[in-house]
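Chemist: Enclosed is the structure file upload_4.txt (compact mmCIF, C-alpha atoms).
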# COMPACT_ATOMS: atom_id res chain seq x y z
CA MET A 1 219.30 -41.02 311.75
CA ALA A 2 220.15 -38.12 309.56
CA GLY A 3 223.24 -38.24 307.41
CA GLU A 4 224.62 -40.42 304.67
CA ALA A 5 221.69 -42.88 304.72
CA THR A 6 219.07 -40.21 303.96
CA LYS A 7 220.97 -38.55 301.08
CA ALA A 8 219.25 -39.05 297.74
CA LEU A 9 221.93 -40.79 295.67
CA SER A 10 221.45 -42.46 292.32
CA ASN A 11 222.03 -46.20 291.95
CA ASP A 12 225.04 -45.45 289.75
CA VAL A 13 226.71 -43.61 292.60
CA LEU A 14 225.63 -46.12 295.26
CA TRP A 15 226.76 -49.23 293.39
CA GLY A 16 229.55 -47.57 291.42
CA GLY A 17 232.21 -48.74 293.85
CA GLY A 18 234.43 -46.94 296.30
CA ARG A 19 231.68 -46.73 298.90
CA SER A 20 229.15 -48.82 300.81
CA PRO A 21 226.00 -49.12 298.69
CA PHE A 22 224.08 -49.46 301.95
CA SER A 23 225.58 -46.31 303.50
CA ILE A 24 226.47 -48.14 306.68
CA SER A 25 229.87 -48.95 308.11
CA TYR A 26 231.46 -52.38 308.00
CA GLY A 27 231.02 -52.94 311.74
CA LYS A 28 227.33 -52.13 311.74
CA MET A 29 226.63 -54.34 308.74
CA MET A 30 228.46 -57.26 310.34
CA MET A 31 226.48 -56.73 313.55
CA TRP A 32 223.27 -56.94 311.50
CA PHE A 33 224.45 -60.11 309.76
CA PHE A 34 225.28 -61.65 313.14
CA LEU A 35 221.86 -60.68 314.47
CA VAL A 36 220.12 -62.30 311.49
CA SER A 37 221.97 -65.58 312.10
CA ASP A 38 221.26 -65.38 315.83
CA ALA A 39 217.59 -64.67 315.09
CA LEU A 40 217.53 -67.84 312.99
CA THR A 41 218.84 -69.81 315.99
CA PHE A 42 216.11 -68.45 318.24
CA GLY A 43 213.54 -68.88 315.48
CA GLY A 44 214.60 -72.53 315.19
CA LEU A 45 214.28 -73.05 318.95
CA LEU A 46 210.81 -71.50 319.13
CA VAL A 47 209.62 -73.40 316.06
CA ALA A 48 210.94 -76.65 317.61
CA TYR A 49 208.99 -75.81 320.76
CA GLY A 50 205.87 -75.23 318.66
CA PHE A 51 206.44 -78.51 316.83
CA VAL A 52 206.69 -80.57 320.03
CA ARG A 53 203.77 -78.80 321.64
CA HIS A 54 201.59 -79.24 318.57
CA ALA A 55 202.55 -82.88 318.04
CA THR A 56 202.11 -84.04 321.65
CA THR A 57 198.92 -85.84 322.65
CA GLU A 58 199.47 -85.22 326.36
CA ALA A 59 198.17 -82.15 328.14
CA TRP A 60 200.58 -79.23 327.84
CA PRO A 61 201.06 -76.83 330.78
CA ILE A 62 199.63 -73.32 330.44
CA GLY A 63 201.84 -70.34 331.29
CA GLU A 64 199.45 -68.59 333.65
CA GLU A 65 199.02 -71.83 335.65
CA VAL A 66 202.76 -72.48 336.00
CA PHE A 67 204.14 -68.98 336.57
CA ARG A 68 202.04 -67.41 339.29
CA ALA A 69 204.35 -66.57 342.16
CA LEU A 70 206.15 -63.44 343.30
CA PRO A 71 209.27 -63.49 345.49
CA GLY A 72 208.51 -63.03 349.18
CA LEU A 73 204.73 -63.04 348.71
CA THR A 74 202.11 -65.74 349.01
CA GLY A 75 199.06 -65.79 346.80
CA ASP A 76 198.19 -65.96 343.13
CA PHE A 77 199.85 -63.60 340.66
CA PRO A 78 199.47 -65.18 337.23
CA LEU A 79 202.21 -63.97 334.84
CA ILE A 80 202.89 -60.84 336.91
CA TYR A 81 206.53 -61.73 337.55
CA VAL A 82 207.22 -62.41 333.86
CA ALA A 83 205.44 -59.16 332.98
CA LEU A 84 207.75 -57.31 335.38
CA MET A 85 210.79 -58.95 333.76
CA THR A 86 209.48 -57.92 330.34
CA ALA A 87 208.96 -54.35 331.54
CA ILE A 88 212.52 -54.22 332.96
CA LEU A 89 213.98 -55.41 329.65
CA ILE A 90 211.88 -53.04 327.53
CA PHE A 91 212.85 -50.08 329.71
CA SER A 92 216.54 -50.99 329.57
CA SER A 93 216.09 -51.08 325.79
CA VAL A 94 214.65 -47.55 325.96
CA THR A 95 217.59 -46.27 328.03
CA MET A 96 219.92 -47.87 325.45
CA VAL A 97 218.28 -46.05 322.54
CA LEU A 98 218.50 -42.83 324.58
CA ALA A 99 222.24 -43.50 325.05
CA VAL A 100 222.61 -43.89 321.28
CA GLU A 101 220.69 -40.64 320.74
CA ALA A 102 222.94 -38.83 323.24
CA GLY A 103 225.95 -40.24 321.38
CA HIS A 104 224.73 -38.68 318.15
CA ARG A 105 224.83 -35.30 319.91
CA MET A 106 228.35 -36.06 321.26
CA ASP A 107 226.84 -35.70 324.75
CA LYS A 108 229.26 -37.83 326.78
CA LYS A 109 227.48 -37.25 330.10
CA GLY A 110 224.17 -38.35 328.59
CA VAL A 111 225.69 -41.51 327.13
CA VAL A 112 227.26 -42.43 330.48
CA LYS A 113 223.98 -41.84 332.33
CA TRP A 114 221.74 -43.84 329.99
CA LEU A 115 224.25 -46.64 329.43
CA PHE A 116 224.62 -46.99 333.20
CA TYR A 117 220.83 -47.40 333.58
CA THR A 118 220.91 -49.98 330.77
CA VAL A 119 223.55 -52.06 332.58
CA ILE A 120 221.53 -51.87 335.81
CA GLY A 121 218.33 -52.96 334.01
CA GLY A 122 220.13 -55.87 332.35
CA ALA A 123 221.60 -57.01 335.65
CA PHE A 124 218.13 -56.88 337.22
CA PHE A 125 216.76 -59.02 334.41
CA VAL A 126 219.47 -61.68 334.81
CA GLY A 127 218.83 -61.72 338.57
CA SER A 128 215.08 -62.10 338.01
CA GLN A 129 215.71 -65.00 335.71
CA ALA A 130 217.88 -66.68 338.34
CA TRP A 131 215.00 -66.43 340.82
CA GLU A 132 212.54 -67.77 338.27
CA TRP A 133 214.76 -70.75 337.48
CA SER A 134 215.20 -71.49 341.17
CA HIS A 135 211.43 -71.29 341.70
CA PHE A 136 210.77 -73.48 338.65
CA ILE A 137 213.29 -76.13 339.77
CA HIS A 138 212.03 -76.26 343.37
CA GLY A 139 208.41 -76.23 342.26
CA GLY A 140 205.32 -76.16 344.46
CA GLY A 141 204.82 -79.35 346.46
CA GLY A 142 204.82 -81.83 343.60
CA TYR A 143 202.16 -84.46 342.92
CA ILE A 144 201.63 -88.13 343.63
CA THR A 145 200.16 -90.63 341.18
CA LEU A 146 197.96 -93.50 342.34
CA ALA A 147 197.70 -96.95 340.77
CA ASN A 148 194.48 -95.94 338.97
CA GLY A 149 196.20 -92.93 337.39
CA ASP A 150 194.65 -90.26 339.62
CA LYS A 151 196.95 -87.36 340.43
CA TYR A 152 196.95 -85.47 343.74
CA TRP A 153 198.83 -82.28 344.50
CA VAL A 154 200.83 -82.34 347.72
CA HIS A 155 200.54 -79.34 350.04
CA ASN A 156 201.83 -78.46 353.47
CA ASN A 157 202.58 -75.30 355.40
CA THR A 158 206.38 -75.59 355.39
CA HIS A 159 206.80 -76.62 351.71
CA ASP A 160 208.54 -79.76 352.95
CA THR A 161 209.06 -82.12 349.99
CA HIS A 162 211.26 -84.72 351.75
CA ASP A 163 208.69 -85.93 354.26
CA PRO A 164 205.54 -83.99 353.31
CA ALA A 165 203.08 -86.37 354.95
CA ASN A 166 204.37 -85.59 358.44
CA ALA A 167 204.67 -81.85 357.93
CA GLU A 168 202.19 -79.46 359.48
CA GLY A 169 199.09 -78.72 357.39
CA PHE A 170 199.58 -81.71 355.08
CA HIS A 171 196.75 -82.17 352.60
CA LEU A 172 196.18 -83.33 349.03
CA VAL A 173 194.28 -81.70 346.18
CA LYS A 174 192.91 -83.86 343.38
CA ALA A 175 194.21 -82.66 340.02
CA LEU A 176 191.96 -82.25 337.00
CA PRO A 177 192.81 -85.02 334.50
CA GLY A 178 194.53 -83.66 331.40
CA HIS A 179 194.98 -80.28 333.06
CA TYR A 180 198.15 -79.62 334.94
CA LEU A 181 197.96 -77.58 338.13
CA LYS A 182 194.15 -77.30 338.27
CA ALA A 183 191.96 -78.78 341.00
CA ASP A 184 189.31 -81.33 340.03
CA GLU A 185 186.13 -80.16 341.68
CA SER A 186 183.75 -82.29 339.59
CA HIS A 187 182.93 -84.56 342.58
CA GLY A 188 182.57 -81.84 345.18
CA HIS A 189 185.54 -80.62 347.18
CA ALA A 190 188.95 -81.56 345.73
CA HIS A 191 190.75 -81.29 349.10
CA VAL A 192 191.67 -84.45 350.98
CA GLU A 193 192.88 -84.07 354.57
CA GLY A 194 193.88 -85.99 357.69
CA ALA A 195 193.97 -89.81 357.77
CA GLU A 196 192.46 -90.12 354.30
CA ALA A 197 195.25 -88.00 352.81
CA LYS A 198 197.89 -90.07 354.65
CA LYS A 199 196.34 -93.26 353.29
CA LEU A 200 196.49 -91.93 349.69
CA TRP A 201 200.09 -90.83 350.31
CA GLU A 202 201.03 -94.39 351.39
CA GLU A 203 199.31 -95.80 348.29
CA ARG A 204 201.27 -93.58 345.87
CA VAL A 205 203.07 -95.25 342.99
CA ASP A 206 204.99 -92.14 342.00
CA TYR A 207 205.97 -88.76 343.44
CA VAL A 208 207.23 -85.97 341.19
CA ASP A 209 208.46 -82.77 342.79
CA GLY A 210 210.00 -79.72 341.09
CA ALA A 211 211.69 -79.92 337.72
CA ASN A 212 214.82 -81.40 336.17
CA MET A 213 215.86 -82.55 332.71
CA THR A 214 214.05 -85.90 332.89
CA ARG A 215 210.79 -85.06 334.66
CA ASN A 216 208.91 -82.17 336.16
CA GLU A 217 205.69 -81.50 338.03
CA TYR A 218 204.29 -79.14 335.39
CA GLY A 219 203.88 -81.38 332.35
CA PRO A 220 205.75 -83.49 329.79
CA PRO A 221 209.58 -83.59 330.21
CA GLN A 222 210.02 -81.56 327.01
CA TYR A 223 208.24 -78.64 328.67
CA ALA A 224 210.98 -78.17 331.28
CA ASN A 225 213.68 -78.97 328.71
CA PHE A 226 212.47 -76.20 326.42
CA PHE A 227 212.06 -73.85 329.38
CA PHE A 228 215.67 -74.43 330.43
CA PHE A 229 217.07 -74.22 326.92
CA ILE A 230 215.14 -71.26 325.51
CA THR A 231 215.16 -69.01 328.59
CA GLY A 232 218.69 -70.19 329.41
CA PHE A 233 219.99 -69.37 325.94
CA HIS A 234 218.26 -66.00 326.09
CA GLY A 235 219.56 -65.39 329.61
CA PHE A 236 223.08 -66.11 328.38
CA HIS A 237 222.56 -63.50 325.65
CA VAL A 238 221.40 -60.98 328.26
CA PHE A 239 224.44 -61.76 330.40
CA SER A 240 226.83 -61.23 327.47
CA GLY A 241 224.92 -58.05 326.61
CA VAL A 242 225.44 -56.71 330.13
CA VAL A 243 229.17 -57.48 329.89
CA ILE A 244 229.44 -55.80 326.46
CA ASN A 245 227.51 -52.75 327.68
CA LEU A 246 229.71 -52.53 330.75
CA ILE A 247 232.89 -52.60 328.64
CA VAL A 248 231.48 -49.94 326.29
CA LEU A 249 230.44 -47.86 329.32
CA LEU A 250 233.99 -47.97 330.71
CA MET A 251 235.35 -46.95 327.28
CA VAL A 252 232.86 -44.05 327.13
CA ILE A 253 233.94 -42.89 330.60
CA LYS A 254 237.59 -43.03 329.51
CA GLY A 255 236.66 -40.83 326.54
CA VAL A 256 237.72 -43.27 323.80
CA PHE A 257 234.74 -42.53 321.55
CA HIS A 258 234.83 -38.80 322.17
CA ARG A 259 238.40 -38.73 320.86
CA ARG A 260 237.34 -40.94 317.93
CA GLY A 261 234.72 -38.36 317.00
CA HIS A 262 231.68 -40.64 316.98
CA TYR A 263 229.82 -43.00 319.28
CA GLU A 264 229.14 -45.74 316.76
CA MET A 265 230.32 -48.43 319.19
CA VAL A 266 227.40 -47.51 321.48
CA GLU A 267 225.10 -47.92 318.47
CA LYS A 268 226.51 -51.38 317.65
CA ALA A 269 226.27 -52.57 321.27
CA GLY A 270 222.77 -51.06 321.23
CA LEU A 271 221.79 -53.15 318.20
CA TYR A 272 222.75 -56.30 320.09
CA TRP A 273 220.91 -55.14 323.21
CA HIS A 274 217.70 -54.34 321.31
CA PHE A 275 217.93 -57.73 319.66
CA VAL A 276 217.99 -59.39 323.09
CA ASP A 277 214.83 -57.43 323.93
CA LEU A 278 213.28 -58.40 320.60
CA VAL A 279 213.90 -62.10 321.25
CA TRP A 280 212.34 -61.80 324.70
CA VAL A 281 209.18 -60.33 323.14
CA PHE A 282 208.83 -63.55 321.13
CA VAL A 283 209.81 -65.87 324.01
CA PHE A 284 207.28 -64.08 326.22
CA THR A 285 204.48 -64.62 323.70
CA PHE A 286 205.25 -68.15 322.57
CA PHE A 287 206.45 -69.67 325.82
CA TYR A 288 204.46 -67.85 328.50
CA LEU A 289 201.29 -66.53 326.85
CA LEU A 290 200.18 -69.08 324.26
CA MET B 1 247.08 -44.30 308.63
CA GLU B 2 244.40 -41.79 307.67
CA ARG B 3 242.90 -42.47 304.25
CA ASP B 4 240.72 -39.86 302.65
CA ASP B 5 239.27 -42.18 300.00
CA ILE B 6 237.20 -44.06 302.59
CA ILE B 7 233.86 -42.55 303.55
CA GLU B 8 233.36 -42.59 307.32
CA TYR B 9 229.65 -43.29 307.50
CA SER B 10 229.71 -43.16 311.27
CA LEU B 11 230.73 -39.50 311.13
CA ASP B 12 227.40 -38.73 309.49
CA ALA B 13 225.45 -40.18 312.37
CA HIS B 14 225.28 -36.89 314.16
CA HIS B 15 222.30 -34.68 314.78
CA SER B 16 221.58 -31.34 316.37
CA GLU B 17 219.90 -30.54 319.69
CA GLU B 18 216.72 -29.68 317.75
CA GLU B 19 216.55 -33.04 315.94
CA GLY B 20 217.45 -34.83 319.18
CA ARG B 21 214.35 -33.45 320.88
CA LYS B 22 212.16 -34.81 318.08
CA ILE B 23 213.87 -38.23 318.20
CA ARG B 24 213.50 -38.46 321.98
CA LYS B 25 209.80 -37.67 321.69
CA LYS B 26 209.43 -40.51 319.19
CA ILE B 27 211.33 -42.88 321.51
CA TRP B 28 209.01 -42.13 324.44
CA THR B 29 205.89 -42.50 322.27
CA VAL B 30 207.06 -45.94 321.16
CA THR B 31 207.89 -46.84 324.79
CA LEU B 32 204.35 -45.96 325.85
CA LEU B 33 202.95 -48.04 323.00
CA LEU B 34 205.10 -51.09 323.90
CA ALA B 35 204.09 -50.80 327.56
CA ILE B 36 200.38 -50.62 326.69
CA VAL B 37 200.58 -53.62 324.34
CA THR B 38 202.42 -55.69 327.00
CA ALA B 39 199.84 -54.71 329.63
CA ILE B 40 197.01 -55.83 327.31
CA GLU B 41 198.77 -59.16 326.66
CA VAL B 42 199.35 -59.91 330.35
CA THR B 43 195.80 -58.93 331.35
CA LEU B 44 194.31 -61.14 328.65
CA GLY B 45 196.67 -64.01 329.56
CA ALA B 46 195.83 -63.90 333.24
CA TYR B 47 192.09 -63.21 333.12
CA TRP B 48 190.72 -64.21 329.71
CA LYS B 49 189.08 -67.31 331.16
CA GLU B 50 187.01 -65.21 333.53
CA TRP B 51 185.98 -62.79 330.81
CA PHE B 52 185.50 -64.96 327.74
CA ASP B 53 184.43 -68.54 327.15
CA ALA B 54 186.96 -71.15 326.02
CA SER B 55 185.96 -70.83 322.37
CA ALA B 56 187.48 -67.33 322.23
CA TRP B 57 190.95 -68.70 323.02
CA GLY B 58 191.82 -69.26 319.35
CA THR B 59 191.04 -65.64 318.54
CA ILE B 60 193.10 -64.41 321.50
CA LYS B 61 196.07 -66.56 320.44
CA LEU B 62 195.90 -64.96 317.02
CA LEU B 63 195.67 -61.54 318.67
CA TYR B 64 198.83 -62.36 320.67
CA VAL B 65 200.75 -63.15 317.50
CA VAL B 66 199.57 -59.92 315.86
CA LEU B 67 200.44 -57.81 318.95
CA THR B 68 203.87 -59.48 319.15
CA LEU B 69 204.57 -58.65 315.52
CA VAL B 70 203.50 -55.05 316.17
CA LYS B 71 205.93 -54.84 319.11
CA ALA B 72 208.72 -56.47 317.10
CA GLY B 73 208.11 -54.08 314.21
CA TYR B 74 208.43 -51.01 316.44
CA ILE B 75 211.57 -52.32 318.15
CA VAL B 76 213.28 -53.08 314.84
CA ALA B 77 212.15 -49.95 313.00
CA VAL B 78 212.60 -47.34 315.76
CA PHE B 79 214.92 -48.74 318.47
CA MET B 80 217.26 -50.47 316.02
CA HIS B 81 216.88 -47.59 313.51
CA LEU B 82 216.28 -49.99 310.64
CA GLY B 83 213.45 -47.71 309.48
CA ASP B 84 216.03 -44.94 308.98
CA GLU B 85 218.46 -47.02 306.94
CA ARG B 86 218.52 -47.31 303.16
CA ARG B 87 215.88 -49.54 301.64
CA ASN B 88 218.45 -51.97 300.15
CA ILE B 89 219.97 -52.91 303.53
CA ARG B 90 216.47 -53.15 305.05
CA ASN B 91 215.47 -55.69 302.40
CA ILE B 92 218.72 -57.64 302.65
CA ILE B 93 218.17 -58.11 306.38
CA LEU B 94 214.42 -58.67 306.53
CA LEU B 95 213.35 -60.49 303.36
CA PRO B 96 215.58 -63.62 303.56
CA TYR B 97 214.77 -63.98 307.24
CA ILE B 98 211.00 -63.65 306.79
CA LEU B 99 211.07 -66.04 303.84
CA PHE B 100 213.02 -68.69 305.75
CA ILE B 101 210.95 -68.43 308.94
CA LEU B 102 207.66 -68.67 307.04
CA TYR B 103 208.94 -71.79 305.29
CA LEU B 104 210.12 -73.27 308.61
CA LEU B 105 206.74 -72.52 310.23
CA PHE B 106 204.86 -74.12 307.37
CA ILE B 107 206.98 -77.29 307.51
CA ALA B 108 206.81 -77.50 311.31
CA ILE B 109 203.02 -77.07 311.51
CA TRP B 110 202.43 -79.49 308.63
CA GLU B 111 204.69 -82.21 310.02
CA SER B 112 203.60 -81.82 313.66
CA ASN B 113 199.97 -82.21 312.56
CA TYR B 114 200.92 -85.52 311.02
CA VAL B 115 202.93 -86.67 314.05
CA HIS B 116 200.00 -85.72 316.29
CA ARG B 117 197.56 -87.80 314.19
CA MET B 118 199.90 -90.78 314.18
CA LEU B 119 200.43 -90.60 317.95
CA GLU B 120 196.69 -90.54 318.44
CA LEU B 121 196.27 -93.56 316.17
CA PHE B 122 198.99 -95.79 317.57
CA GLN B 123 199.66 -94.69 321.15
Take the structure in this file and express it as structure tokens.

Modeler:
Amino acid sequence: MAGEATKALSNDVLWGGGRSPFSISYGKMMMWFFLVSDALTFGGLLVAYGFVRHATTEAWPIGEEVFRALPGLTGDFPLIYVALMTAILIFSSVTMVLAVEAGHRMDKKGVVKWLFYTVIGGAFFVGSQAWEWSHFIHGGGGYITLANGDKYWVHNNTHDTHDPANAEGFHLVKALPGHYLKADESHGHAHVEGAEAKKLWEERVDYVDGANMTRNEYGPPQYANFFFFITGFHGFHVFSGVVINLIVLLMVIKGVFHRRGHYEMVEKAGLYWHFVDLVWVFVFTFFYLL
Amino acid sequence: MERDDIIEYSLDAHHSEEEGRKIRKKIWTVTLLLAIVTAIEVTLGAYWKEWFDASAWGTIKLLYVVLTLVKAGYIVAVFMHLGDERRNIRNIILLPYILFILYLLFIAIWESNYVHRMLELFQ
């Protein structure tokens, strides 16, 4: 932005005391310092995820095989839901930067409008994440393991996981060894139906359904643990961001910043909000895409 | 309460209608760019197996990292206005972070390689 930061000042003036050598206010600098420390936390989490994933000798689930559902629709939509969440967060970041720009013109109406859209976008994102968590925890139909180590996916029409064998449309799908969530079609059709499926169901030695902290149907336990921790920690940041934005919005409506003569508080809240978006860009790549 | 020996930097963060139009144009250009990059990432993630053979996966992973860094760069430089700040604050924020993360990545990849080899040997 134009102003103090773009003035050509000699080092003697900048570092001579009596002023900020960085030409930014105390509050903004502290927000940046907080963001750097927070970025280190998220960096540590993502690096830990990479460490575990790289070190493991088991098969690791692939994003487009795990996240392929949309609310209220049946069918295959690999990564579409996460892409929508990403789009919502990026656009709420855009409305935030537009609110900051309006603040620089002392345009109170503009700030209120764009900040309002930002709060709505953030709320939508938190809601989407709640649905995704619920879907992740409930899972598909789960899988059974036989004594010889073969895995079969459990399917039925009503998504009944308590007594799936007696539900309508019960059938099993043989899973590809070392590949979560993919059908093994190497020996012809992977589907097993009717009496044969019921026999395999009775012979099961294990049945995993959905996800919790100790086991999940997608892959190694650490996969779900990292999913819960990384997206949960990010979701908590989004939630706090929505609350902060809402408080700032109420203060803007009351005219606090107009009387103060500048909208720097919107800029500081904006820095935090953009940071939340920035973290999601990395979570999206390293958790869902790679 | 008012002190006139303190510079109010926030008071300088004002711009005219004319400058605002230019800044808004830049914001929407960056938005378009971020949307296109995300669309490319999702399309590749969902359909790369149908378009390329498995050996291309390494290249696509690398492409993901590059595209992510491009997105991150635009968000930090334009949305967070770090590109408009003085160079000294830019360096104070970015350089220690980049240095530390690169070190952490190096250690993590190195050690996890070893753990992976040991697990394969003894599991």

Chemist: Just the number, please: distance in Å from CA of Gly44 in chain A to CA of Leu104 in chain B, one decimal.

Modeler: 8.0 Å

Chemist: I'd like the neighbourhood of range 36-42 of chain B as a PyMOL selection string, where a residue qualifies if any of its atoms comes within 10 Å (using all atoms listed in the file), though same-chain residues fewer than 2 positions away should be ignored.

Modeler: (chain A and resi 64+78-80+82-83+86-87+90+281+284-285+288-289) or (chain B and resi 30-34+44-48+60+63-64+67-68+70-71)

Chemist: When you draw a straight line from CA of Ala59 in chain A to CA of Tyr143 in chain A, how long is it in Å?

Modeler: 15.5 Å

Chemist: When you get a sec, could you note down which chain B residues fall within 6 Å of chain A, using all atoms listed in the file, as a list in words?

Modeler: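 Within 6 Å of chain A on chain B, we get Tyr9, Asp12, Ala13, His14, His15, Gly45, Ala46, Phe79, Met80, Asp84, Glu85, Arg86, Ile89, Ala108, Ser112, Val115 and His116 of chain B.
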
Chemist: Next, dump the selected residues to file, keeping only C-alpha atoms, as a short mmCIF file (atom, residue, chain, number, x, y, z; two decimals), in the coordinates of the input.

Modeler:
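Contents of result08.cif, freshly written:
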data_model
loop_
_atom_site.label_atom_id
_atom_site.label_comp_id
_atom_site.auth_asym_id
_atom_site.auth_seq_id
_atom_site.Cartn_x
_atom_site.Cartn_y
_atom_site.Cartn_z
CA TYR B 9 229.65 -43.29 307.50
CA ASP B 12 227.40 -38.73 309.49
CA ALA B 13 225.45 -40.18 312.37
CA HIS B 14 225.28 -36.89 314.16
CA HIS B 15 222.30 -34.68 314.78
CA GLY B 45 196.67 -64.01 329.56
CA ALA B 46 195.83 -63.90 333.24
CA PHE B 79 214.92 -48.74 318.47
CA MET B 80 217.26 -50.47 316.02
CA ASP B 84 216.03 -44.94 308.98
CA GLU B 85 218.46 -47.02 306.94
CA ARG B 86 218.52 -47.31 303.16
CA ILE B 89 219.97 -52.91 303.53
CA ALA B 108 206.81 -77.50 311.31
CA SER B 112 203.60 -81.82 313.66
CA VAL B 115 202.93 -86.67 314.05
CA HIS B 116 200.00 -85.72 316.29
#

Chemist: Have a look at CA of Met30 in chain A and CA of Pro96 in chain B and let me know their distance in Å, one decimal.

Modeler: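 Taking CA of Met30 in chain A as the start and CA of Pro96 in chain B as the end point, the length is 15.9 Å.
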
Chemist: Go through B:Gly58, B:Tyr74, B:Ile7, B:Glu50 one by one, measure the shortest atom-to-atom distance of each to Lys26 in chain B using all atoms listed in the file, and give the residue with the smallest value.

Modeler: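 Of B:Gly58, B:Tyr74, B:Ile7, B:Glu50, the one nearest Lys26 in chain B is B:Tyr74, counting all atoms listed in the file.
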
Chemist: Can you pull out every residue within 10 Å of Val126 in chain A, counting only C-alpha atoms, but drop anything in the same chain fewer than 4 positions away, and send it as a list in words?

Modeler: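 Counting only C-alpha atoms, the residues come to Met85, Leu89, Gly121, Gly122, Ala130, Trp131, Glu132, His234, Gly235, Phe236, His237, Val238, Phe239 and Val242 of chain A.
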
Chemist: Keeping C-alpha atoms, export the residues of the selection given above as a tab-separated table (two decimals), in the coordinates of the input.

Modeler:
chain	number	residue	atom	x	y	z
A	85	MET	CA	210.79	-58.95	333.76
A	89	LEU	CA	213.98	-55.41	329.65
A	121	GLY	CA	218.33	-52.96	334.01
A	122	GLY	CA	220.13	-55.87	332.35
A	130	ALA	CA	217.88	-66.68	338.34
A	131	TRP	CA	215.00	-66.43	340.82
A	132	GLU	CA	212.54	-67.77	338.27
A	234	HIS	CA	218.26	-66.00	326.09
A	235	GLY	CA	219.56	-65.39	329.61
A	236	PHE	CA	223.08	-66.11	328.38
A	237	HIS	CA	222.56	-63.50	325.65
A	238	VAL	CA	221.40	-60.98	328.26
A	239	PHE	CA	224.44	-61.76	330.40
A	242	VAL	CA	225.44	-56.71	330.13

Chemist: If the box runs along x, y and z of the file and leaves 5 Å on each side of range 13-30 of chain B, what are its centre and edge lengths in Å, one decimal, as lines of an AutoDock Vina configuration file?

Modeler:
center_x = 215.7
center_y = -37.8
center_z = 318.4
size_x = 29.6
size_y = 26.3
size_z = 22.1

Chemist: Taking 2 positions as the minimum chain separation for residues in the same chain, which residues sit within 10 Å of Ala147 in chain A when counting only C-alpha atoms? Answer as a list in words.

Modeler: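 Contacts, with the query itself left out: Thr145, Gly149, Asp150, Lys151, Glu203, Arg204, Val205 and Asp206 of chain A.
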
Chemist: Which of these residues is nearest to Ile88 in chain A, using all atoms listed in the file: B:Ala35, B:Ile92, B:Val78, B:Ile27?

Modeler: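 For Ile88 in chain A, the nearest of the given residues is B:Ala35.
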